[in-house]
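Quick look at data.txt (compact mmCIF, C-alpha atoms):
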```txt
# COMPACT_ATOMS: atom_id res chain seq x y z
CA MET A 16 -170.94 306.93 4.74
CA LEU A 17 -167.35 307.93 5.37
CA ILE A 18 -166.52 307.02 1.78
CA LEU A 19 -168.97 309.73 0.68
CA VAL A 20 -167.09 312.22 2.82
CA PHE A 21 -163.91 311.67 0.89
CA THR A 22 -165.64 311.90 -2.50
CA GLN A 23 -168.30 314.65 -1.93
CA PRO A 24 -166.51 317.58 -0.33
CA ASN A 25 -169.36 320.14 -0.53
CA LYS A 26 -171.73 318.37 1.86
CA CYS A 27 -171.76 318.73 5.62
CA VAL A 28 -171.71 315.15 6.89
CA GLN A 29 -173.77 314.27 9.94
CA THR A 30 -172.72 311.90 12.68
CA VAL A 31 -172.23 308.39 11.33
CA ARG A 32 -174.05 306.96 14.32
CA GLU A 33 -177.41 307.79 12.66
CA ALA A 34 -177.00 304.86 10.26
CA ALA A 35 -176.30 302.50 13.13
CA VAL A 36 -179.32 303.83 15.06
CA GLU A 37 -181.65 303.31 12.10
CA SER A 38 -180.39 299.77 11.53
CA ALA A 39 -180.82 299.01 15.22
CA ARG A 40 -184.42 300.23 15.09
CA GLY A 41 -185.08 297.94 12.15
CA ARG A 42 -183.71 294.98 14.06
CA THR A 43 -185.72 295.65 17.23
CA ALA A 44 -189.00 296.22 15.39
CA ARG A 45 -189.36 292.49 14.85
CA THR A 46 -188.55 291.45 18.38
CA GLU A 47 -190.57 293.87 20.55
CA GLY A 48 -193.24 292.42 22.82
CA THR A 49 -193.45 289.18 24.76
CA GLY A 50 -194.32 285.59 24.00
CA TRP A 51 -193.54 283.17 21.25
CA ARG A 52 -195.97 284.88 18.87
CA ASN A 53 -193.62 287.83 18.48
CA TYR A 54 -190.85 285.47 17.46
CA LEU A 55 -192.91 284.51 14.41
CA VAL A 56 -194.71 287.66 13.31
CA ASP A 57 -195.28 291.30 14.10
CA ASP A 58 -198.79 291.73 15.61
CA THR A 59 -198.99 295.36 14.51
CA ASP A 60 -199.33 294.30 10.89
CA PRO A 61 -202.86 293.08 9.85
CA SER A 62 -201.44 290.75 7.24
CA ASP A 63 -199.23 289.20 9.90
CA ARG A 64 -202.27 288.62 12.13
CA ILE A 65 -204.05 286.74 9.37
CA SER A 66 -200.89 284.73 8.82
CA LEU A 67 -200.86 283.93 12.54
CA CYS A 68 -204.39 282.45 12.35
CA TRP A 69 -203.41 280.28 9.41
CA ARG A 70 -200.34 279.06 11.34
CA ARG A 71 -202.56 278.09 14.25
CA LEU A 72 -205.00 276.32 11.95
CA LEU A 73 -202.17 274.31 10.38
CA PHE A 74 -200.82 273.50 13.83
CA PHE A 75 -204.09 272.09 15.12
CA THR A 76 -204.75 270.23 11.87
CA ALA A 77 -201.41 268.54 12.34
CA LEU A 78 -202.39 267.80 15.95
CA PHE A 79 -205.66 266.21 14.79
CA TYR A 80 -203.87 263.94 12.31
CA PHE A 81 -201.32 262.99 14.93
CA LEU A 82 -203.97 261.95 17.42
CA SER A 83 -205.84 260.04 14.69
CA PHE A 84 -202.75 258.08 13.67
CA PHE A 85 -201.96 257.47 17.31
CA TYR A 86 -205.47 256.07 17.84
CA ILE A 87 -205.18 253.79 14.78
CA TYR A 88 -201.73 252.62 15.88
CA ILE A 89 -202.93 251.67 19.36
CA TYR A 90 -206.01 249.96 17.93
CA ILE A 91 -204.04 247.81 15.48
CA LYS A 92 -201.39 246.98 18.04
CA MET A 93 -203.88 245.81 20.63
CA MET A 94 -205.94 243.90 18.06
CA TYR A 95 -202.96 241.76 16.96
CA ALA A 96 -201.43 241.51 20.42
CA SER A 97 -204.45 239.68 21.89
CA ARG A 98 -207.08 237.25 20.62
CA ARG A 99 -209.68 238.84 22.80
CA LYS A 100 -211.90 241.71 21.83
CA PRO A 101 -209.72 244.76 21.07
CA VAL A 102 -210.00 246.52 24.37
CA LEU A 103 -207.32 248.64 25.96
CA TYR A 104 -206.37 248.05 29.57
CA PHE A 105 -204.12 250.44 31.44
CA LYS A 106 -202.11 249.71 34.51
CA GLU A 107 -203.80 250.46 37.76
CA GLU A 108 -200.78 252.42 39.01
CA ARG A 109 -201.91 255.39 36.87
CA ARG A 110 -204.71 256.69 39.03
CA PHE A 111 -206.04 259.18 36.55
CA LEU A 112 -206.68 256.29 34.12
CA SER A 113 -207.80 253.77 36.65
CA GLY A 114 -210.60 251.44 35.62
CA ARG A 115 -211.43 249.89 32.28
CA CYS A 116 -210.71 252.03 29.24
CA THR A 117 -211.92 250.92 25.84
CA ILE A 118 -210.81 252.04 22.45
CA TYR A 119 -214.00 254.08 22.12
CA LYS A 120 -213.19 256.08 25.22
CA LEU A 121 -209.76 256.84 23.80
CA PHE A 122 -211.30 258.01 20.54
CA GLY A 123 -213.75 260.23 22.41
CA LEU A 124 -210.93 261.81 24.43
CA CYS A 125 -209.04 262.61 21.22
CA MET A 126 -212.11 264.25 19.68
CA VAL A 127 -212.72 266.35 22.78
CA LEU A 128 -209.15 267.65 22.66
CA VAL A 129 -209.49 268.52 19.00
CA LEU A 130 -212.83 270.30 19.51
CA VAL A 131 -211.49 272.35 22.42
CA SER A 132 -208.47 273.34 20.37
CA LEU A 133 -210.59 274.39 17.40
CA PHE A 134 -212.91 276.37 19.67
CA TRP A 135 -209.94 278.28 21.12
CA LEU A 136 -208.63 278.86 17.60
CA GLN A 137 -211.98 280.32 16.53
CA LEU A 138 -212.14 282.70 19.48
CA SER A 139 -208.57 283.94 19.15
CA CYS A 140 -208.69 284.48 15.40
CA SER A 141 -212.09 286.19 15.46
CA GLY A 142 -210.89 288.57 18.18
CA GLU A 143 -207.75 289.51 16.31
CA MET A 144 -209.57 289.90 13.01
CA SER A 145 -212.13 292.21 14.61
CA SER A 146 -209.38 294.34 16.14
CA THR A 147 -207.68 294.43 12.77
CA SER A 148 -210.86 295.62 11.06
CA HIS A 149 -211.31 298.36 13.65
CA GLN A 150 -207.76 299.51 13.04
CA ASP A 151 -208.38 299.58 9.32
CA ARG A 152 -211.38 301.88 9.84
CA ARG A 153 -209.31 304.44 11.65
CA VAL A 154 -208.00 307.38 9.70
CA VAL A 155 -204.31 306.82 9.28
CA GLN A 156 -202.46 310.02 9.95
CA PRO A 157 -199.33 310.48 7.89
CA PRO A 158 -196.18 310.60 9.97
CA PRO A 159 -194.87 314.08 10.70
CA PRO A 160 -192.09 315.23 8.40
CA PRO A 161 -188.61 314.71 9.84
CA PRO A 162 -187.02 317.78 11.36
CA PRO A 163 -184.51 319.59 9.18
CA PRO A 164 -180.94 318.40 9.66
CA PRO A 165 -178.96 320.49 12.11
CA PRO A 166 -176.26 322.74 10.74
CA CYS A 167 -172.74 321.49 10.46
CA PRO A 168 -171.43 321.45 14.04
CA ALA A 169 -167.86 322.28 13.12
CA ASP A 170 -168.30 325.94 14.11
CA ALA A 171 -170.08 325.00 17.33
CA GLN A 172 -167.15 322.79 18.30
CA ALA A 173 -164.56 325.46 17.57
CA SER A 174 -164.62 326.83 21.11
CA ALA A 175 -163.91 323.35 22.49
CA VAL A 176 -160.69 322.97 20.50
CA ASP A 177 -159.52 326.58 20.23
CA ASP A 178 -159.98 328.10 23.67
CA PRO A 179 -157.37 330.90 24.04
CA SER A 180 -157.37 330.44 27.81
CA TRP A 181 -155.69 327.06 27.31
CA GLY A 182 -152.47 328.69 26.19
CA PRO A 183 -150.80 330.47 23.26
CA HIS A 184 -149.85 327.35 21.31
CA LYS A 185 -152.04 325.27 18.99
CA LEU A 186 -151.40 321.72 17.77
CA ALA A 187 -151.92 320.45 14.23
CA LEU A 188 -152.60 316.74 14.63
CA ILE A 189 -151.60 315.31 11.23
CA VAL A 190 -152.97 311.86 10.36
CA PRO A 191 -151.72 310.25 7.11
CA PHE A 192 -154.67 308.23 5.88
CA ARG A 193 -155.91 305.81 3.26
CA GLU A 194 -158.90 303.47 3.62
CA ARG A 195 -158.67 303.11 7.38
CA PHE A 196 -162.28 304.12 8.08
CA GLU A 197 -162.83 301.79 11.05
CA GLU A 198 -159.77 303.14 12.84
CA LEU A 199 -160.67 306.74 11.97
CA MET A 200 -164.12 306.35 13.52
CA VAL A 201 -162.45 305.50 16.83
CA PHE A 202 -159.42 307.78 16.53
CA VAL A 203 -161.03 311.19 15.97
CA PRO A 204 -163.50 311.16 18.92
CA PHE A 205 -160.90 309.61 21.22
CA MET A 206 -158.12 312.08 20.45
CA HIS A 207 -160.51 315.04 20.52
CA ALA A 208 -161.64 314.09 24.04
CA PHE A 209 -158.08 313.26 25.13
CA LEU A 210 -156.66 316.63 24.05
CA ASN A 211 -159.63 318.56 25.43
CA LYS A 212 -159.11 316.86 28.77
CA LYS A 213 -155.50 318.06 28.74
CA LYS A 214 -156.66 321.54 27.60
CA ILE A 215 -154.57 321.52 24.44
CA ARG A 216 -155.76 323.70 21.58
CA HIS A 217 -155.74 321.56 18.46
CA LYS A 218 -157.20 320.71 15.10
CA ILE A 219 -157.18 317.26 13.53
CA LEU A 220 -156.05 317.09 9.90
CA VAL A 221 -156.72 313.82 8.05
CA ILE A 222 -154.56 313.77 4.91
CA ASN A 223 -156.37 311.33 2.63
CA GLN A 224 -154.36 309.94 -0.31
CA LEU A 225 -156.58 309.62 -3.41
CA ASP A 226 -154.14 308.79 -6.18
CA HIS A 227 -153.33 305.33 -7.55
CA TYR A 228 -149.77 305.27 -6.24
CA ARG A 229 -148.61 303.27 -3.25
CA PHE A 230 -149.15 304.77 0.18
CA ASN A 231 -146.58 307.45 1.08
CA ARG A 232 -146.84 308.37 4.75
CA ALA A 233 -143.93 310.84 4.68
CA SER A 234 -145.29 312.84 1.76
CA LEU A 235 -148.71 313.03 3.38
CA ILE A 236 -147.17 314.43 6.55
CA ASN A 237 -145.38 317.01 4.40
CA VAL A 238 -148.74 317.94 2.88
CA GLY A 239 -150.25 318.25 6.35
CA TYR A 240 -147.46 320.60 7.42
CA LEU A 241 -147.97 322.86 4.40
CA GLU A 242 -151.78 322.83 4.66
CA SER A 243 -152.04 323.24 8.43
CA GLY A 244 -152.33 327.02 8.25
CA ASN A 245 -150.80 329.86 10.23
CA ASP A 246 -153.00 329.32 13.30
CA THR A 247 -150.91 326.33 14.46
CA ASP A 248 -147.30 326.49 15.62
CA TYR A 249 -146.47 322.83 16.25
CA LEU A 250 -147.52 319.50 14.82
CA ALA A 251 -147.96 315.86 15.79
CA MET A 252 -147.12 313.15 13.27
CA HIS A 253 -149.71 310.65 14.48
CA ASP A 254 -150.63 307.14 13.28
CA VAL A 255 -154.37 306.52 13.06
CA ASP A 256 -154.13 303.12 14.77
CA LEU A 257 -152.28 304.25 17.92
CA LEU A 258 -154.25 305.60 20.89
CA PRO A 259 -152.64 306.90 24.12
CA GLN A 260 -153.99 305.19 27.24
CA ASN A 261 -152.09 307.15 29.89
CA ASP A 262 -153.18 310.69 30.77
CA ALA A 263 -149.63 311.48 31.92
CA LEU A 264 -148.39 311.54 28.32
CA ASP A 265 -147.42 315.04 27.28
CA TYR A 266 -148.84 316.56 24.08
CA GLY A 267 -147.74 320.09 24.93
CA PHE A 268 -145.57 322.47 22.95
CA PRO A 269 -142.09 320.90 22.39
CA GLY A 270 -140.11 324.12 22.51
CA GLU A 271 -136.82 322.52 23.53
CA GLY A 272 -136.80 319.92 20.76
CA PRO A 273 -138.76 317.11 19.10
CA PHE A 274 -140.69 315.03 21.62
CA HIS A 275 -141.23 311.34 20.78
CA VAL A 276 -144.44 310.38 22.59
CA ALA A 277 -144.46 306.73 21.38
CA SER A 278 -140.95 306.01 22.62
CA PRO A 279 -139.39 302.54 22.20
CA GLU A 280 -139.90 301.85 25.92
CA LEU A 281 -143.66 302.39 25.54
CA HIS A 282 -144.61 301.42 21.98
CA PRO A 283 -146.29 297.97 21.85
CA LEU A 284 -144.32 296.80 18.79
CA TYR A 285 -141.12 298.73 18.06
CA HIS A 286 -138.36 298.93 20.65
CA TYR A 287 -135.11 299.91 18.90
CA LYS A 288 -133.36 303.07 20.07
CA THR A 289 -133.51 305.06 16.83
CA TYR A 290 -137.25 304.58 16.39
CA VAL A 291 -139.14 307.89 16.06
CA GLY A 292 -142.39 306.68 14.49
CA GLY A 293 -145.92 306.34 15.79
CA ILE A 294 -146.37 309.73 17.51
CA LEU A 295 -143.79 312.52 17.22
CA LEU A 296 -144.27 316.16 18.28
CA LEU A 297 -142.12 318.99 16.96
CA THR A 298 -142.47 322.65 16.25
CA LYS A 299 -143.01 323.88 12.73
CA LYS A 300 -139.67 325.64 12.90
CA HIS A 301 -137.86 322.41 13.71
CA TYR A 302 -139.76 320.54 10.99
CA SER A 303 -138.72 323.16 8.46
CA MET A 304 -135.08 322.88 9.63
CA CYS A 305 -135.22 319.19 8.63
CA ASN A 306 -136.79 320.05 5.25
CA GLY A 307 -139.66 317.79 6.24
CA MET A 308 -139.53 314.10 5.44
CA SER A 309 -138.22 312.33 2.36
CA ASN A 310 -140.71 311.68 -0.45
CA ARG A 311 -138.90 308.58 -1.72
CA PHE A 312 -140.59 306.08 0.61
CA TRP A 313 -143.52 304.49 -1.19
CA GLY A 314 -145.10 301.57 0.62
CA TRP A 315 -144.70 300.75 4.28
CA GLY A 316 -141.71 301.49 6.49
CA ARG A 317 -138.27 303.11 6.70
CA GLU A 318 -139.36 306.77 6.43
CA ASP A 319 -139.10 307.20 10.21
CA ASP A 320 -135.55 305.87 10.30
CA GLU A 321 -134.51 308.31 7.59
CA PHE A 322 -136.17 311.18 9.49
CA TYR A 323 -134.16 310.28 12.60
CA ARG A 324 -131.01 310.97 10.56
CA ARG A 325 -132.46 314.33 9.55
CA LEU A 326 -132.98 315.23 13.20
CA ARG A 327 -129.34 314.36 13.90
CA LYS A 328 -128.17 316.41 10.92
CA ALA A 329 -130.18 319.43 12.08
CA GLU A 330 -128.60 318.99 15.53
CA LEU A 331 -131.98 318.73 17.24
CA GLN A 332 -132.10 316.98 20.59
CA LEU A 333 -134.77 314.28 20.83
CA PHE A 334 -136.82 314.06 24.05
CA ARG A 335 -138.94 311.18 25.28
CA PRO A 336 -141.42 310.62 28.14
CA SER A 337 -140.17 309.91 31.63
CA GLY A 338 -141.94 308.60 34.68
CA ILE A 339 -144.44 306.52 32.69
CA THR A 340 -144.97 303.20 34.48
CA THR A 341 -147.53 301.56 32.18
CA GLY A 342 -144.86 300.11 29.84
CA TYR A 343 -146.10 298.52 26.64
CA LYS A 344 -149.72 299.04 27.75
CA THR A 345 -149.34 302.80 27.40
CA PHE A 346 -150.85 302.71 23.90
CA LEU A 347 -153.67 300.81 22.27
CA HIS A 348 -152.71 299.49 18.84
CA LEU A 349 -155.79 299.04 16.63
CA HIS A 350 -154.06 297.41 13.67
CA ASP A 351 -155.07 293.85 12.82
CA PRO A 352 -152.29 292.30 10.70
CA ALA A 353 -154.40 289.26 9.80
CA TRP A 354 -157.11 291.44 8.27
CA ARG A 355 -155.15 294.44 6.94
CA LYS A 356 -151.88 293.50 5.27
CA ARG A 357 -149.06 296.03 5.11
CA ASP A 358 -147.52 296.97 1.77
CA GLN A 359 -144.00 295.75 2.47
CA LYS A 360 -143.03 294.83 -1.08
CA ARG A 361 -139.72 296.13 -2.39
CA VAL A 362 -139.77 296.92 -6.11
CA ALA A 363 -136.78 297.45 -8.42
CA ALA A 364 -133.93 299.15 -6.51
CA GLN A 365 -136.12 300.08 -3.57
CA LYS A 366 -134.47 297.55 -1.26
CA GLN A 367 -131.09 299.25 -1.67
CA GLU A 368 -132.37 302.84 -1.82
CA GLN A 369 -134.46 302.59 1.36
CA PHE A 370 -131.34 302.63 3.56
CA LYS A 371 -129.84 305.73 1.94
CA VAL A 372 -130.21 309.29 3.20
CA ASP A 373 -132.11 311.64 0.92
CA PRO A 374 -130.09 314.89 1.24
CA GLU A 375 -132.23 317.04 -1.04
CA GLY A 376 -135.74 315.59 -0.93
CA GLY A 377 -138.48 316.80 1.38
CA LEU A 378 -140.59 319.93 1.46
CA THR A 379 -138.59 321.45 -1.40
CA ASN A 380 -139.43 318.79 -4.00
CA LEU A 381 -142.89 317.72 -2.80
CA ARG A 382 -145.44 317.63 -5.61
CA TYR A 383 -149.12 317.20 -4.83
CA GLN A 384 -152.59 318.44 -5.59
CA VAL A 385 -155.38 319.14 -3.08
CA GLU A 386 -158.60 317.89 -4.61
CA SER A 387 -160.90 319.13 -1.83
CA ARG A 388 -161.26 319.95 1.84
CA GLN A 389 -164.03 318.49 3.95
CA GLU A 390 -165.08 319.60 7.43
CA LEU A 391 -166.23 316.40 9.09
CA THR A 392 -167.74 315.68 12.49
CA ILE A 393 -167.51 312.17 13.95
CA SER A 394 -169.46 311.62 17.17
CA GLY A 395 -169.25 315.32 17.94
CA ALA A 396 -165.52 315.57 17.25
CA PRO A 397 -164.51 317.89 14.38
CA CYS A 398 -161.74 317.18 11.92
CA THR A 399 -160.64 318.39 8.50
CA VAL A 400 -160.19 315.88 5.69
CA ILE A 401 -157.78 317.05 2.98
CA ASN A 402 -158.20 314.88 -0.11
CA THR A 403 -154.81 314.82 -1.79
CA LYS A 404 -153.26 313.43 -4.95
CA LEU A 405 -149.53 312.89 -4.80
CA GLU A 406 -147.32 313.02 -7.86
CA CYS A 407 -144.51 310.59 -8.58
CA ASP A 408 -141.46 310.93 -10.80
CA GLN A 409 -141.08 307.32 -11.92
CA SER A 410 -137.64 308.01 -13.31
CA GLN A 411 -136.50 308.72 -9.74
CA THR A 412 -138.72 306.36 -7.75
CA PRO A 413 -140.14 303.67 -10.07
CA TRP A 414 -141.33 301.74 -7.00
CA CYS A 415 -144.22 304.16 -6.45
CA ILE A 416 -146.28 301.71 -8.54
CA LEU A 417 -146.45 297.98 -8.04
CA GLY A 418 -145.88 296.01 -11.20
```

As structure tokens, what does this structure read like?
Amino acid sequence: MLILVFTQPNKCVQTVREAAVESARGRTARTEGTGWRNYLVDDTDPSDRISLCWRRLLFFTALFYFLSFFYIYIYIKMMYASRRKPVLYFKEERRFLSGRCTIYKLFGLCMVLVLVSLFWLQLSCSGEMSSTSHQDRRVVQPPPPPPPPPPCPADAQASAVDDPSWGPHKLALIVPFRERFEELMVFVPFMHAFLNKKKIRHKILVINQLDHYRFNRASLINVGYLESGNDTDYLAMHDVDLLPQNDALDYGFPGEGPFHVASPELHPLYHYKTYVGGILLLTKKHYSMCNGMSNRFWGWGREDDEFYRRLRKAELQLFRPSGITTGYKTFLHLHDPAWRKRDQKRVAAQKQEQFKVDPEGGLTNLRYQVESRQELTISGAPCTVINTKLECDQSQTPWCILG
């Protein structure tokens, strides 16, 4: 369903949980009730009831043949085991079979069991068939039409994310994105609740890359900055697979300088001192002073290290959390490297160019096209999906395409 969101921008998408609820109803419809009969069939279906009678008939037919073969087996065994008249004798220790028992008595006992079983089969099937016929005579009322879908809840949720009493500042949470639907389903509701709990005005912007080029996280963040609107005054460069687990983490307005929330002392994977990736807060003014991020980094990695040099060049002081005692458990990392491989290939001169500073690139030479905007609600949490196509000058960065 989320794929439709990124390809059909003019539809208001409902909560994705509805699909899961419908599938769950389909699974439970076959297992409601008690007893082993419900494991085989659904008793509410007349055709299934008829099938149940046939199953019972086959079962007792098999029972009849089993008892018959058992009788013949005992008869032949006793006939060849003794020269006397083929008569069965049972040990006297079994009190319920004490006394003389002939082969005829055994045959009669088998027939009685079969007749009792068939009699019970007749009664049960006739009762179910009669109830089925009575149900067929009833006038089947068509199910009521489903209620009309509720309106898009984005406007209803606006007060929860844009309450002026929470302060004068508003955060643009920018999420560079491509085909990470499972993580997005968890990320948007979690971050919406997390920021509401901290009373931070915010809006979540998912910058979805649609083009055929390699993933470019830095350029998508640049797009998010330019498309965030005038109602926000600071932004968070936020990975979709990183969730804060400590309420003491600060997502407030970083007026004094860029604030690196996912600091090396807290990030579960990256611990070098110049690391500024994962989650970084900074005002729009400071981001503009850096000319944004370089657009030369296609594929995974190195754009954060280059942005750290831009912060140094702009003489911006970097701040990090203090007093956090949860260590590397401060964040939940949703990425599964065995299932989702990172694009770490280095094409042409990319290996040498990735360590160089891009003095001119950034917001000034960003080229992109917004295909559509989609207001999406995931489990009651609103977000805006901006479907974007980036442009690549292959004479400058031929590594934007693998080949």

Within 12 Å of Gly270 (chain A) using only C-alpha atoms, minus same-chain residues under 2 positions, as an mmCIF file with C-alpha atoms, keeping the file's coordinate frame:
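This went into result.cif:
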```
data_model
loop_
_atom_site.group_PDB
_atom_site.id
_atom_site.type_symbol
_atom_site.label_atom_id
_atom_site.label_comp_id
_atom_site.auth_asym_id
_atom_site.auth_seq_id
_atom_site.Cartn_x
_atom_site.Cartn_y
_atom_site.Cartn_z
ATOM 1 C CA HIS A 184 -149.850 327.350 21.310
ATOM 2 C CA ASP A 248 -147.300 326.490 15.620
ATOM 3 C CA TYR A 249 -146.470 322.830 16.250
ATOM 4 C CA LEU A 250 -147.520 319.500 14.820
ATOM 5 C CA TYR A 266 -148.840 316.560 24.080
ATOM 6 C CA GLY A 267 -147.740 320.090 24.930
ATOM 7 C CA PHE A 268 -145.570 322.470 22.950
ATOM 8 C CA GLY A 272 -136.800 319.920 20.760
ATOM 9 C CA PRO A 273 -138.760 317.110 19.100
ATOM 10 C CA PHE A 274 -140.690 315.030 21.620
ATOM 11 C CA LEU A 296 -144.270 316.160 18.280
ATOM 12 C CA LEU A 297 -142.120 318.990 16.960
ATOM 13 C CA THR A 298 -142.470 322.650 16.250
ATOM 14 C CA LYS A 299 -143.010 323.880 12.730
ATOM 15 C CA LYS A 300 -139.670 325.640 12.900
ATOM 16 C CA HIS A 301 -137.860 322.410 13.710
ATOM 17 C CA LEU A 331 -131.980 318.730 17.240
ATOM 18 C CA GLN A 332 -132.100 316.980 20.590
ATOM 19 C CA LEU A 333 -134.770 314.280 20.830
ATOM 20 C CA PHE A 334 -136.820 314.060 24.050
#
```

_Just want the 8 Å neighbourhood of Ser387 (chain A), counted on all atoms listed in the file, with same-chain residues fewer than 2 positions away dropped. Output as a PyMOL selection string._
chain A and resi 24+385+389+401-403

*Could you please determine the separation between CA of Gln409 (chain A) and CA of Asp373 (chain A) in Å, to one decimal place?*
16.2 Å

*In Å to one decimal, how far is CA of Ile87 (chain A) from CA of Val131 (chain A)?*
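Interatomic distance here is 21.0 Å.
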
*List the neighbours of region 75-83 of chain A out to 8 Å using all atoms listed in the file; skip same-chain residues closer than 6 positions along the sequence, and give me the result as a PyMOL selection string.*
chain A and resi 125+129+132-133

*What does the distance from CA of Ala233 (chain A) to CA of Met308 (chain A) come to in Å, to one decimal?*
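Between these atoms lies a distance of 5.5 Å.
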
*Counting only C-alpha atoms, which of A:Asp254, A:Asp408, A:Glu330, A:Asp320 gets nearest to Val276 (chain A)?*
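Once distances to Val276 (chain A) are computed over only C-alpha atoms, the minimum belongs to A:Asp254.
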
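Counting only C-alpha atoms, the residue from A:Gly239, A:Pro269, A:Gly314, A:Pro183 that sits nearest to Ile222 (chain A) is A:Gly239.
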
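Between Cys305 (chain A) and the candidates A:Asp262, A:Glu375, A:Asp256, A:Glu280, the tightest atom-to-atom separation, counting only C-alpha atoms, involves A:Glu375.
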
Using the file's own x, y and z axes, so that the box edges lie along x, y and z, what centre and edge lengths in Å (one decimal) does a box around every listed atom of region 406-412 of chain A get when 8 Å is added on each side? Give it as JSON.
```
{"center_x": -141.9, "center_y": 309.7, "center_z": -10.5, "size_x": 26.8, "size_y": 22.7, "size_z": 21.6}
```

_Ref. answer, residues at most 12 Å from (-140.7, 320.4, -5.3) with all atoms listed in the file, as an NGL selection string_ = :A and (234 or 237-238 or 306-307 or 309-310 or 375-383 or 405-408)

*Please determine the residues with any atom at most 8 Å from (-155.9, 308.4, 26.1) (coordinates as given in the file, with all atoms listed in the file counting) and report them as an MDAnalysis selection string.*
chainID A and resid 205:206 209 258:262 346

*Excluding same-chain residues fewer than 5 positions from Arg229 (chain A), what lies within 9 Å of it counting only C-alpha atoms, as a PyMOL selection string?*
chain A and resi 313-315+358+414-417
